[in-house]
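> Got a file for you: target26.cif, mmCIF, C-alpha atoms.
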data_entry
loop_
_atom_site.group_PDB
_atom_site.id
_atom_site.type_symbol
_atom_site.label_atom_id
_atom_site.label_comp_id
_atom_site.auth_asym_id
_atom_site.auth_seq_id
_atom_site.Cartn_x
_atom_site.Cartn_y
_atom_site.Cartn_z
ATOM 1 C CA MET A 16 164.584 94.837 10.779
ATOM 2 C CA PRO A 17 167.847 96.729 10.191
ATOM 3 C CA LEU A 18 170.610 95.147 8.144
ATOM 4 C CA ASP A 19 173.278 93.204 9.974
ATOM 5 C CA SER A 20 176.223 95.492 10.681
ATOM 6 C CA ASP A 21 178.668 93.164 8.933
ATOM 7 C CA ILE A 22 176.541 93.272 5.746
ATOM 8 C CA ARG A 23 176.619 97.067 5.906
ATOM 9 C CA LYS A 24 180.405 96.993 6.396
ATOM 10 C CA MET A 25 180.840 94.545 3.497
ATOM 11 C CA VAL A 26 178.854 96.725 1.073
ATOM 12 C CA GLN A 27 180.718 99.874 2.164
ATOM 13 C CA TYR A 28 184.046 98.054 1.809
ATOM 14 C CA VAL A 29 183.174 96.958 -1.742
ATOM 15 C CA ILE A 30 182.079 100.484 -2.738
ATOM 16 C CA GLU A 31 185.285 102.012 -1.383
ATOM 17 C CA ASN A 32 187.411 99.384 -3.155
ATOM 18 C CA ASP A 33 185.551 100.034 -6.415
ATOM 19 C CA LEU A 34 186.340 103.742 -6.148
ATOM 20 C CA ALA A 35 190.030 102.940 -5.634
ATOM 21 C CA ALA A 36 190.199 100.389 -8.478
ATOM 22 C CA PRO A 37 191.786 101.154 -11.843
ATOM 23 C CA LYS A 38 189.314 102.006 -14.583
ATOM 24 C CA VAL A 39 188.554 99.739 -17.516
ATOM 25 C CA PRO A 40 190.197 101.121 -20.674
ATOM 26 C CA ARG A 41 187.922 103.415 -22.711
ATOM 27 C CA GLY A 42 188.595 101.234 -25.732
ATOM 28 C CA ARG A 43 186.220 98.627 -24.293
ATOM 29 C CA VAL A 44 183.283 101.048 -24.166
ATOM 30 C CA PRO A 45 182.100 100.417 -27.759
ATOM 31 C CA LYS A 46 181.893 96.661 -27.066
ATOM 32 C CA LEU A 47 180.051 97.310 -23.801
ATOM 33 C CA LYS A 48 177.531 99.516 -25.630
ATOM 34 C CA LYS A 49 177.040 96.888 -28.323
ATOM 35 C CA VAL A 50 176.676 93.909 -25.972
ATOM 36 C CA TRP A 51 174.348 95.646 -23.523
ATOM 37 C CA LYS A 52 172.604 97.786 -26.168
ATOM 38 C CA CYS A 53 173.058 100.971 -24.173
ATOM 39 C CA SER A 54 173.776 104.447 -25.460
ATOM 40 C CA SER A 55 175.553 105.796 -22.363
ATOM 41 C CA ALA A 56 178.315 103.703 -20.821
ATOM 42 C CA TYR A 57 178.537 106.257 -18.008
ATOM 43 C CA ASP A 58 174.927 105.780 -16.916
ATOM 44 C CA PHE A 59 174.990 102.038 -17.571
ATOM 45 C CA LEU A 60 178.095 101.460 -15.436
ATOM 46 C CA TYR A 61 176.780 103.601 -12.576
ATOM 47 C CA GLY A 62 173.451 101.743 -12.571
ATOM 48 C CA GLN A 63 175.156 98.379 -12.869
ATOM 49 C CA ARG A 64 177.321 99.061 -9.828
ATOM 50 C CA ALA A 65 174.440 100.386 -7.725
ATOM 51 C CA GLY A 66 172.514 97.221 -8.609
ATOM 52 C CA TYR A 67 175.550 95.111 -7.785
ATOM 53 C CA TYR A 68 175.751 96.554 -4.270
ATOM 54 C CA THR A 69 172.070 95.820 -3.672
ATOM 55 C CA GLY A 70 172.529 92.315 -5.073
ATOM 56 C CA LEU A 71 175.518 91.745 -2.813
ATOM 57 C CA ALA A 72 173.446 92.567 0.270
ATOM 58 C CA GLU A 73 170.550 90.467 -1.071
ATOM 59 C CA GLY A 74 172.847 87.469 -1.579
ATOM 60 C CA LEU A 75 174.310 87.746 1.890
ATOM 61 C CA MET A 76 170.794 87.970 3.349
ATOM 62 C CA LEU A 77 169.666 84.883 1.392
ATOM 63 C CA GLU A 78 172.717 82.925 2.504
ATOM 64 C CA ARG A 79 172.448 83.935 6.118
ATOM 65 C CA HIS A 80 168.707 84.269 6.801
ATOM 66 C CA LYS A 81 167.165 82.359 3.867
ATOM 67 C CA ARG A 82 165.080 85.357 2.792
ATOM 68 C CA THR A 83 165.192 88.388 0.536
ATOM 69 C CA LEU A 84 165.619 91.958 1.707
ATOM 70 C CA THR A 85 162.583 93.632 3.189
ATOM 71 C CA GLU A 86 161.483 96.985 1.782
ATOM 72 C CA GLU A 87 163.052 98.655 4.832
ATOM 73 C CA GLU A 88 166.371 96.851 4.266
ATOM 74 C CA SER A 89 166.358 97.743 0.557
ATOM 75 C CA GLU A 90 165.847 101.389 1.534
ATOM 76 C CA GLU A 91 168.721 101.079 3.999
ATOM 77 C CA ILE A 92 171.005 99.852 1.180
ATOM 78 C CA PHE A 93 169.905 102.776 -1.003
ATOM 79 C CA GLN A 94 170.675 105.192 1.853
ATOM 80 C CA MET A 95 174.062 103.524 2.324
ATOM 81 C CA ILE A 96 174.948 103.986 -1.378
ATOM 82 C CA GLU A 97 173.630 107.564 -1.533
ATOM 83 C CA PRO A 98 176.635 109.261 0.174
ATOM 84 C CA TYR A 99 178.898 107.661 -2.455
ATOM 85 C CA THR A 100 176.771 108.810 -5.411
ATOM 86 C CA LYS A 101 178.886 111.854 -6.233
ATOM 87 C CA SER A 102 182.144 109.872 -6.047
ATOM 88 C CA LEU A 103 180.720 107.019 -8.124
ATOM 89 C CA ARG A 104 179.416 109.417 -10.782
ATOM 90 C CA ARG A 105 182.821 111.136 -10.874
ATOM 91 C CA TYR A 106 184.511 107.720 -11.197
ATOM 92 C CA PHE A 107 182.288 106.728 -14.121
ATOM 93 C CA ALA A 108 182.493 110.181 -15.757
ATOM 94 C CA TYR A 109 185.757 108.853 -17.191
ATOM 95 C CA TYR A 110 183.578 107.004 -19.727
ATOM 96 C CA LYS A 111 181.558 110.027 -20.847
ATOM 97 C CA LYS A 112 182.163 111.300 -24.345
ATOM 98 C CA ARG A 113 184.337 114.362 -24.079
ATOM 99 C CA PRO A 114 183.678 117.276 -26.400
ATOM 100 C CA ARG A 115 186.579 118.116 -28.671
ATOM 101 C CA PRO A 116 188.236 121.469 -28.093
ATOM 102 C CA ALA A 117 187.020 124.188 -30.458
ATOM 103 C CA GLY A 118 189.011 124.545 -33.647
ATOM 104 C CA ARG A 119 190.399 121.002 -33.644
ATOM 105 C CA THR A 120 189.478 118.264 -36.030
ATOM 106 C CA SER A 121 190.040 114.582 -35.466
ATOM 107 C CA GLY A 122 193.114 114.530 -37.691
ATOM 108 C CA SER A 123 194.828 117.734 -36.560
ATOM 109 C CA LYS A 124 197.765 117.832 -34.216
ATOM 110 C CA VAL A 125 198.733 120.574 -31.847
ATOM 111 C CA SER A 126 202.210 121.972 -32.325
ATOM 112 C CA ARG A 127 204.167 122.512 -29.137
ATOM 113 C CA ARG A 128 206.740 124.829 -30.736
ATOM 114 C CA PRO A 129 206.666 128.519 -29.742
#
Please go through the file and, once you have read it, give me the structure as structure tokens.

Amino acid sequence: MPLDSDIRKMVQYVIENDLAAPKVPRGRVPKLKKVWKCSSAYDFLYGQRAGYYTGLAEGLMLERHKRTLTEEESEEIFQMIEPYTKSLRRYFAYYKKRPRPAGRTSGSKVSRRP
């Protein structure tokens, strides 16, 4: 049985709002890593959001039809998230460790004088 169209619209709406939302400050990443015992905030946050979207659809299905998603409906959710994968990964790339430019140390400053 295909997902109800309003459940599809709700999940898509939430994904699009997430992509437009301001990012959590990078300063919170160390706490996130410690609390959730993860080594990559980038991967953790992407997986957490993908799971959240599936859980959102699951909750709506439970509330409305008193049952969990079928395998077909779960696949439909996955296919609905898939077109957003690149945008979501780009959104969460903000939390990746960035390599330092060559020749700079943590304490050095760049002079802007000619």
> Write out as a PyMOL selection string each polymer residue whose atoms come within 12 Å of Asn32 in chain A, counting only C-alpha atoms; drop sequence neighbours fewer than 5 positions from it.
chain A and resi 25-27+37-38+99+103+106
> Generate the output file for the selected residues, C-alpha atoms, as a JSON list (two decimals), keeping the file's coordinate frame.

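Output saved as result.json:
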[["chain", "number", "residue", "atom", "x", "y", "z"],
["A", 25, "MET", "CA", 180.84, 94.54, 3.50],
["A", 26, "VAL", "CA", 178.85, 96.72, 1.07],
["A", 27, "GLN", "CA", 180.72, 99.87, 2.16],
["A", 37, "PRO", "CA", 191.79, 101.15, -11.84],
["A", 38, "LYS", "CA", 189.31, 102.01, -14.58],
["A", 99, "TYR", "CA", 178.90, 107.66, -2.46],
["A", 103, "LEU", "CA", 180.72, 107.02, -8.12],
["A", 106, "TYR", "CA", 184.51, 107.72, -11.20]]
> Quick check, in Å to one decimal: how far apart do CA of Leu75 in chain A and CA of Leu60 in chain A lie?
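Distance reported for this atom pair: 22.4 Å.
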> Expanded to explicit residues, what is the PyMOL selection byres ((chain A and resi 73) around 10) for this file, as an mmCIF file with C-alpha atoms, in the coordinates of the input?

data_model
loop_
_atom_site.group_PDB
_atom_site.id
_atom_site.type_symbol
_atom_site.label_atom_id
_atom_site.label_comp_id
_atom_site.auth_asym_id
_atom_site.auth_seq_id
_atom_site.Cartn_x
_atom_site.Cartn_y
_atom_site.Cartn_z
ATOM 1 C CA ILE A 22 176.541 93.272 5.746
ATOM 2 C CA TYR A 67 175.550 95.111 -7.785
ATOM 3 C CA TYR A 68 175.751 96.554 -4.270
ATOM 4 C CA THR A 69 172.070 95.820 -3.672
ATOM 5 C CA GLY A 70 172.529 92.315 -5.073
ATOM 6 C CA LEU A 71 175.518 91.745 -2.813
ATOM 7 C CA ALA A 72 173.446 92.567 0.270
ATOM 8 C CA GLY A 74 172.847 87.469 -1.579
ATOM 9 C CA LEU A 75 174.310 87.746 1.890
ATOM 10 C CA MET A 76 170.794 87.970 3.349
ATOM 11 C CA LEU A 77 169.666 84.883 1.392
ATOM 12 C CA GLU A 78 172.717 82.925 2.504
ATOM 13 C CA ARG A 79 172.448 83.935 6.118
ATOM 14 C CA ARG A 82 165.080 85.357 2.792
ATOM 15 C CA THR A 83 165.192 88.388 0.536
ATOM 16 C CA LEU A 84 165.619 91.958 1.707
ATOM 17 C CA THR A 85 162.583 93.632 3.189
ATOM 18 C CA GLU A 88 166.371 96.851 4.266
ATOM 19 C CA SER A 89 166.358 97.743 0.557
ATOM 20 C CA ILE A 92 171.005 99.852 1.180
#
> CA of Gln94 in chain A and CA of Lys52 in chain A are how many Å apart?
29.0 Å
> Need the shell around Lys112 in chain A: protein/DNA/RNA residues with any atom at most 10 Å away, counting only C-alpha atoms. Skip same-chain ones fewer than 6 positions apart. Format as a PyMOL selection string?
chain A and resi 41+55-57
> When you count only C-alpha atoms, which of these residues is closest to Phe93 in chain A: A:Ala65, A:Val44, A:Ala35, A:Cys53?
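When distances to Phe93 in chain A are compared using only C-alpha atoms, the smallest one comes from A:Ala65.
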> One decimal, Å: what's the distance from CA of Pro45 in chain A over to CA of Gly62 in chain A, could you say?
17.5 Å
> Looking at A:Glu91, A:Lys48, A:Ala108, A:Lys101, which one is nearest to Arg23 in chain A, with distances taken over only C-alpha atoms?
A:Glu91
